[in-house]
Amino acid sequence: MNETPALLILVAAIFINNILLSNFLGMCSFLVCSRQIGTAIGLGAAVIFVTTSTTILNYFVYHGLLVPSKEMFGIDLTFLTFVVFIAVIAAFVQFVEMFVERFSPKLYYALGIFLPLITVNCAIFGAALFIVIRQYSLFQSAGFALGAGTGWALAIVLMAGLRQKMGYSNVPKSFQGIAIVMIITGVIAMTFMGFAGMISIQ
Amino acid sequence: MSNSCGACVSLCGGKGKATFHDGIWKNNPIAVQVLGICSALAVTNRLANALVMGLALIFVCMGSNLIVSSLRKAIPHRIRMIAEVVIIATFVIVFDQILKAFYWDMSKQLGPYVGLIITNCIPMGRAEAFALQNGPSLSLLDGFANGLGYAAVLAVIGFIRELLGTGAILGHQVLSAEWYTPNQVMILAPGAFLVLGFLIALSQAIKAPVQEVKK
């Protein structure tokens, strides 16, 4: 068990171990949905919310159900971690979707396609796996999840801003589309490496 | 019976070849469809990791495509997503357990990224786009081709990053330390983005003239 304060983990997860820029999680939706700042902010907010909630849920499921399963049922069920985590995330997203549809149709149409996309956003599943691998406590997990979501949102909003500006520049033909986006991401990741000396953390 | 024969014929004939070519080059999962980028970047700091990851994806894609396609008439349309996820997760767990049992060091190095194959969109995308419409043997081939296309890109990225980042290939020193200073950036995150960016640009540059001729 490591003793790093939760707040430190939160800051580190946003800037130093940014889940997108240094762990490469959530690239698919990052590449597809970063054309407009508006959509980027919407998706970013949704990701922050879902990551934080599902990671805490998964923490309880893992430590309350899977780890003690050996004493409770006589079988060690930790090998089912992947399926259970995915099921929790999918069920939660489905629930949020129904909830939003019922109570705020306007938000539902705004978020429309993003919510199902979030289920397969690896940043959320990755955050849940990281808290197991790094053996975080409850508060550390919550801090990490919030930081991971925020870091992801920060990265996609930065990218959307750059891509909107890029509309005015003359990109070589073979670099158009994804190629130039990857290279810009590389440059952003390099600037984030500047934070790396601040706190060293795992 | 006739169904499997039909599949055999189409395998040997044009469709099987087209499926194969599609998966590896024309619709390469990473370079063209831009799927499964996360793991493609994360595990490619060493060639060995990239190869194991490629192997994992070939295994998962073939297995899940085969099962999804065999069950495609039995799975109700409404719950097909969750069924696909469970099938994919099953194969990922099998691979993960094998890795943990026999290659613990490798399993440690790959960290969460083996588990992340579940949310890696390639197996899901293939199950949805191909296995639901086609027979088992063709789907198996499609899974193999897409897995191989993915593995090939991973191997290239892993090769470039390990060579430039440490001057070694699979741990053997190739570029002598006397005249080559290893470029640390290649091992770290930005190197991955840059290498993939340039690779995609290269593949687009190669493909562009072909497309113009077709028109």
# chains A, B, ... in the order shown; residues from 1 in each chain; ligands from 1

call {"tool": "residues_around", "arguments": {"residues": "region 46-62 of chain B", "least_positions_apart": "2", "cutoff": "6 Å", "atoms": "only C-alpha atoms", "output": "mmCIF file with all heavy atoms, in the first residue's frame"}}
result
data_model
loop_
_atom_site.group_PDB
_atom_site.id
_atom_site.type_symbol
_atom_site.label_atom_id
_atom_site.label_comp_id
_atom_site.auth_asym_id
_atom_site.auth_seq_id
_atom_site.Cartn_x
_atom_site.Cartn_y
_atom_site.Cartn_z
ATOM 1 N N VAL B 43 2.578 0.072 -25.562
ATOM 2 C CA VAL B 43 3.450 -1.086 -25.336
ATOM 3 C C VAL B 43 4.607 -1.158 -26.325
ATOM 4 O O VAL B 43 5.333 -2.130 -26.353
ATOM 5 C CB VAL B 43 2.663 -2.409 -25.405
ATOM 6 C CG1 VAL B 43 1.584 -2.420 -24.366
ATOM 7 C CG2 VAL B 43 2.104 -2.626 -26.783
ATOM 8 N N THR B 44 4.761 -0.119 -27.161
ATOM 9 C CA THR B 44 5.744 -0.257 -28.225
ATOM 10 C C THR B 44 7.106 0.333 -27.871
ATOM 11 O O THR B 44 7.906 0.567 -28.751
ATOM 12 C CB THR B 44 5.245 0.410 -29.519
ATOM 13 O OG1 THR B 44 4.763 1.700 -29.183
ATOM 14 C CG2 THR B 44 4.175 -0.390 -30.180
ATOM 15 N N SER B 64 -12.776 -14.238 -30.850
ATOM 16 C CA SER B 64 -14.059 -13.563 -30.690
ATOM 17 C C SER B 64 -14.817 -13.545 -32.007
ATOM 18 O O SER B 64 -16.028 -13.746 -32.032
ATOM 19 C CB SER B 64 -13.854 -12.147 -30.150
ATOM 20 O OG SER B 64 -13.124 -11.385 -31.056
ATOM 21 N N ASN B 65 -14.100 -13.344 -33.130
ATOM 22 C CA ASN B 65 -14.780 -13.365 -34.423
ATOM 23 C C ASN B 65 -15.435 -14.715 -34.677
ATOM 24 O O ASN B 65 -16.573 -14.794 -35.153
ATOM 25 C CB ASN B 65 -13.779 -13.070 -35.540
ATOM 26 C CG ASN B 65 -13.910 -11.664 -36.047
ATOM 27 O OD1 ASN B 65 -14.611 -10.861 -35.441
ATOM 28 N ND2 ASN B 65 -13.256 -11.347 -37.121
ATOM 29 N N PHE B 91 -11.874 -14.144 -24.011
ATOM 30 C CA PHE B 91 -10.601 -14.469 -24.653
ATOM 31 C C PHE B 91 -9.456 -13.661 -24.073
ATOM 32 O O PHE B 91 -8.338 -14.160 -23.930
ATOM 33 C CB PHE B 91 -10.710 -14.273 -26.170
ATOM 34 C CG PHE B 91 -11.438 -15.391 -26.831
ATOM 35 C CD1 PHE B 91 -12.781 -15.276 -27.148
ATOM 36 C CD2 PHE B 91 -10.785 -16.578 -27.119
ATOM 37 C CE1 PHE B 91 -13.459 -16.314 -27.729
ATOM 38 C CE2 PHE B 91 -11.456 -17.627 -27.708
ATOM 39 C CZ PHE B 91 -12.799 -17.494 -28.009
ATOM 40 N N PRO B 123 -11.260 -5.671 -31.832
ATOM 41 C CA PRO B 123 -12.093 -6.887 -31.781
ATOM 42 C C PRO B 123 -13.578 -6.552 -31.827
ATOM 43 O O PRO B 123 -14.350 -7.207 -32.539
ATOM 44 C CB PRO B 123 -11.734 -7.513 -30.434
ATOM 45 C CG PRO B 123 -10.447 -6.929 -30.044
ATOM 46 C CD PRO B 123 -10.394 -5.572 -30.654
ATOM 47 N N LEU B 140 -13.102 -15.999 -39.069
ATOM 48 C CA LEU B 140 -11.838 -16.389 -38.450
ATOM 49 C C LEU B 140 -10.677 -15.774 -39.229
ATOM 50 O O LEU B 140 -9.742 -15.210 -38.665
ATOM 51 C CB LEU B 140 -11.722 -17.914 -38.447
ATOM 52 C CG LEU B 140 -10.608 -18.512 -37.606
ATOM 53 C CD1 LEU B 140 -10.908 -18.299 -36.136
ATOM 54 C CD2 LEU B 140 -10.456 -19.993 -37.885
ATOM 55 N N GLY B 143 -10.525 -12.067 -38.618
ATOM 56 C CA GLY B 143 -9.908 -11.797 -37.325
ATOM 57 C C GLY B 143 -8.401 -11.935 -37.406
ATOM 58 O O GLY B 143 -7.656 -11.098 -36.890
ATOM 59 N N PHE B 144 -7.949 -12.974 -38.116
ATOM 60 C CA PHE B 144 -6.513 -13.190 -38.259
ATOM 61 C C PHE B 144 -5.866 -12.039 -39.020
ATOM 62 O O PHE B 144 -4.838 -11.500 -38.610
ATOM 63 C CB PHE B 144 -6.263 -14.518 -38.972
ATOM 64 C CG PHE B 144 -4.809 -14.819 -39.182
ATOM 65 C CD1 PHE B 144 -3.995 -15.102 -38.101
ATOM 66 C CD2 PHE B 144 -4.273 -14.808 -40.450
ATOM 67 C CE1 PHE B 144 -2.650 -15.365 -38.280
ATOM 68 C CE2 PHE B 144 -2.927 -15.080 -40.645
ATOM 69 C CZ PHE B 144 -2.118 -15.351 -39.557
ATOM 70 N N GLY B 147 -5.874 -8.857 -36.912
ATOM 71 C CA GLY B 147 -4.893 -9.003 -35.841
ATOM 72 C C GLY B 147 -3.482 -8.866 -36.379
ATOM 73 O O GLY B 147 -2.630 -8.204 -35.797
ATOM 74 N N ALA B 151 -0.655 -6.249 -35.528
ATOM 75 C CA ALA B 151 0.642 -6.707 -35.026
ATOM 76 C C ALA B 151 1.779 -6.143 -35.872
ATOM 77 O O ALA B 151 2.830 -5.766 -35.342
ATOM 78 C CB ALA B 151 0.691 -8.232 -35.017
ATOM 79 N N LEU B 154 2.404 -2.557 -34.961
ATOM 80 C CA LEU B 154 3.034 -2.523 -33.641
ATOM 81 C C LEU B 154 4.502 -2.886 -33.730
ATOM 82 O O LEU B 154 5.356 -2.264 -33.095
ATOM 83 C CB LEU B 154 2.327 -3.503 -32.696
ATOM 84 C CG LEU B 154 1.600 -2.827 -31.559
ATOM 85 C CD1 LEU B 154 0.416 -2.087 -32.112
ATOM 86 C CD2 LEU B 154 1.163 -3.827 -30.518
ATOM 87 N N ALA B 155 4.786 -3.916 -34.541
ATOM 88 C CA ALA B 155 6.173 -4.358 -34.648
ATOM 89 C C ALA B 155 7.033 -3.253 -35.252
ATOM 90 O O ALA B 155 8.152 -3.001 -34.788
ATOM 91 C CB ALA B 155 6.257 -5.625 -35.496
ATOM 92 N N GLY B 158 7.453 -0.525 -32.625
ATOM 93 C CA GLY B 158 8.332 -1.020 -31.576
ATOM 94 C C GLY B 158 9.778 -1.062 -32.041
ATOM 95 O O GLY B 158 10.691 -0.687 -31.308
ATOM 96 N N PHE B 159 9.969 -1.485 -33.291
ATOM 97 C CA PHE B 159 11.314 -1.565 -33.865
ATOM 98 C C PHE B 159 11.959 -0.181 -33.901
ATOM 99 O O PHE B 159 13.070 0.020 -33.408
ATOM 100 C CB PHE B 159 11.209 -2.161 -35.278
ATOM 101 C CG PHE B 159 12.509 -2.215 -36.016
ATOM 102 C CD1 PHE B 159 13.414 -3.220 -35.751
ATOM 103 C CD2 PHE B 159 12.804 -1.256 -36.966
ATOM 104 C CE1 PHE B 159 14.617 -3.263 -36.432
ATOM 105 C CE2 PHE B 159 14.006 -1.299 -37.654
ATOM 106 C CZ PHE B 159 14.918 -2.305 -37.383
ATOM 107 N N GLU B 162 12.542 1.254 -30.242
ATOM 108 C CA GLU B 162 13.614 0.628 -29.476
ATOM 109 C C GLU B 162 14.972 0.946 -30.095
ATOM 110 O O GLU B 162 15.945 1.219 -29.390
ATOM 111 C CB GLU B 162 13.414 -0.891 -29.389
ATOM 112 C CG GLU B 162 14.341 -1.526 -28.370
ATOM 113 C CD GLU B 162 14.131 -3.017 -28.206
ATOM 114 O OE1 GLU B 162 13.158 -3.548 -28.747
ATOM 115 O OE2 GLU B 162 14.962 -3.636 -27.523
ATOM 116 N N LEU B 170 15.465 -5.921 -29.701
ATOM 117 C CA LEU B 170 15.172 -7.056 -28.827
ATOM 118 C C LEU B 170 16.230 -7.218 -27.744
ATOM 119 O O LEU B 170 16.579 -8.320 -27.346
ATOM 120 C CB LEU B 170 15.056 -8.356 -29.639
ATOM 121 C CG LEU B 170 13.798 -8.508 -30.499
ATOM 122 C CD1 LEU B 170 13.901 -9.724 -31.376
ATOM 123 C CD2 LEU B 170 12.549 -8.565 -29.632
#

call {"tool": "residues_around", "arguments": {"residues": "region 76-78 of chain A", "least_positions_apart": "2", "cutoff": "12 Å", "atoms": "only C-alpha atoms", "output": "list in words"}}
result
Val61, Tyr62, His63, Gly64, Leu65, Leu66, Val67, Pro68, Ser69, Lys70, Glu71, Met72, Phe73, Gly74, Leu80, Thr81, Phe82, Val83, Val84, Phe85 and Val132 of chain A; Ile93 and Gln97 of chain B

call {"tool": "closest_atom_pairs", "arguments": {"of": "chain A", "to": "chain B", "cutoff": "10 Å", "atoms": "only C-alpha atoms", "output": "Markdown table"}}
result
| residue | atom | partner | partner_atom | distance |
| --- | --- | --- | --- | --- |
| A:Leu20 | CA | B:Cys38 | CA | 8.6 |
| A:Leu21 | CA | B:Ala189 | CA | 6.8 |
| A:Ser22 | CA | B:Ala189 | CA | 5.2 |
| A:Asn23 | CA | B:Ala42 | CA | 6.4 |
| A:Phe24 | CA | B:Cys38 | CA | 4.9 |
| A:Leu25 | CA | B:Cys38 | CA | 5.3 |
| A:Gly26 | CA | B:Cys38 | CA | 6.7 |
| A:Met27 | CA | B:Cys38 | CA | 5.7 |
| A:Cys28 | CA | B:Leu35 | CA | 6.4 |
| A:Ser29 | CA | B:Leu35 | CA | 9.8 |
| A:Leu31 | CA | B:Val34 | CA | 8.5 |
| A:Val32 | CA | B:Val34 | CA | 9.2 |
| A:Phe79 | CA | B:Ile93 | CA | 7.2 |
| A:Leu80 | CA | B:Ile93 | CA | 7.6 |
| A:Thr81 | CA | B:Ile93 | CA | 8.9 |
| A:Phe82 | CA | B:Gly115 | CA | 6.4 |
| A:Val83 | CA | B:Ala89 | CA | 6.0 |
| A:Val84 | CA | B:Val86 | CA | 9.7 |
| A:Ile86 | CA | B:Val85 | CA | 8.2 |
| A:Ala87 | CA | B:Ile82 | CA | 8.3 |
| A:Ala90 | CA | B:Ile82 | CA | 8.4 |
| A:Ala91 | CA | B:Ile82 | CA | 10.0 |
| A:Thr119 | CA | B:Thr119 | CA | 8.3 |
| A:Val120 | CA | B:Thr119 | CA | 5.2 |
| A:Asn121 | CA | B:Thr119 | CA | 6.8 |
| A:Cys122 | CA | B:Thr119 | CA | 5.6 |
| A:Ala123 | CA | B:Cys38 | CA | 9.3 |
| A:Ile124 | CA | B:Thr119 | CA | 9.6 |
| A:Phe125 | CA | B:Leu116 | CA | 7.2 |
| A:Gly126 | CA | B:Leu116 | CA | 6.7 |
| A:Ala127 | CA | B:Pro112 | CA | 9.4 |
| A:Ala128 | CA | B:Pro112 | CA | 9.6 |
| A:Leu129 | CA | B:Pro112 | CA | 6.1 |
| A:Phe130 | CA | B:Pro112 | CA | 6.9 |
| A:Val132 | CA | B:Pro112 | CA | 9.5 |
| A:Ile133 | CA | B:Pro112 | CA | 7.7 |
| A:Pro172 | CA | B:Ala201 | CA | 9.4 |
| A:Lys173 | CA | B:Ala205 | CA | 8.0 |
| A:Ser174 | CA | B:Ala205 | CA | 5.0 |
| A:Phe175 | CA | B:Ala201 | CA | 4.9 |
| A:Gln176 | CA | B:Ala201 | CA | 7.8 |
| A:Gly177 | CA | B:Ala201 | CA | 9.0 |
| A:Ile178 | CA | B:Gly197 | CA | 7.3 |
| A:Ala179 | CA | B:Gly197 | CA | 4.3 |
| A:Ile180 | CA | B:Gly197 | CA | 6.3 |
| A:Val181 | CA | B:Gly197 | CA | 7.4 |
| A:Met182 | CA | B:Gly197 | CA | 4.8 |
| A:Ile183 | CA | B:Leu194 | CA | 4.9 |
| A:Ile184 | CA | B:Leu194 | CA | 8.2 |
| A:Thr185 | CA | B:Phe193 | CA | 6.5 |
| A:Gly186 | CA | B:Pro190 | CA | 4.3 |
| A:Val187 | CA | B:Pro190 | CA | 6.7 |
| A:Ile188 | CA | B:Pro190 | CA | 8.0 |
| A:Ala189 | CA | B:Pro190 | CA | 5.3 |
| A:Met190 | CA | B:Pro190 | CA | 5.6 |
| A:Thr191 | CA | B:Pro190 | CA | 9.2 |
| A:Phe192 | CA | B:Pro190 | CA | 9.5 |
| A:Met193 | CA | B:Pro190 | CA | 8.7 |

call {"tool": "atom_distance", "arguments": {"atom1": "CA of Ile169 (chain B)", "atom2": "CA of Leu110 (chain B)"}}
result
18.1 Å

call {"tool": "closest_residue", "arguments": {"among": "B:Asn45, B:Pro76, B:Val68, B:Leu99", "to": "Met186 (chain B)", "atoms": "only C-alpha atoms"}}
result
B:Asn45

call {"tool": "select_by_dssp", "arguments": {"residues": "region 35-88 of chain A", "states": "alpha helix (DSSP H)", "output": "number ranges by chain"}}
result
A: 37-61, 69-73, 81-88

call {"tool": "atom_distance", "arguments": {"atom1": "CA of Pro182 (chain B)", "atom2": "CA of Leu164 (chain B)"}}
result
6.2 Å

call {"tool": "atom_distance", "arguments": {"atom1": "CA of Gly42 (chain A)", "atom2": "CA of Thr150 (chain A)"}}
result
12.4 Å

call {"tool": "closest_residue", "arguments": {"among": "B:Val174, B:Ala145, B:Ala168, B:Ile187", "to": "Asp22 (chain B)", "atoms": "only C-alpha atoms"}}
result
B:Ala145
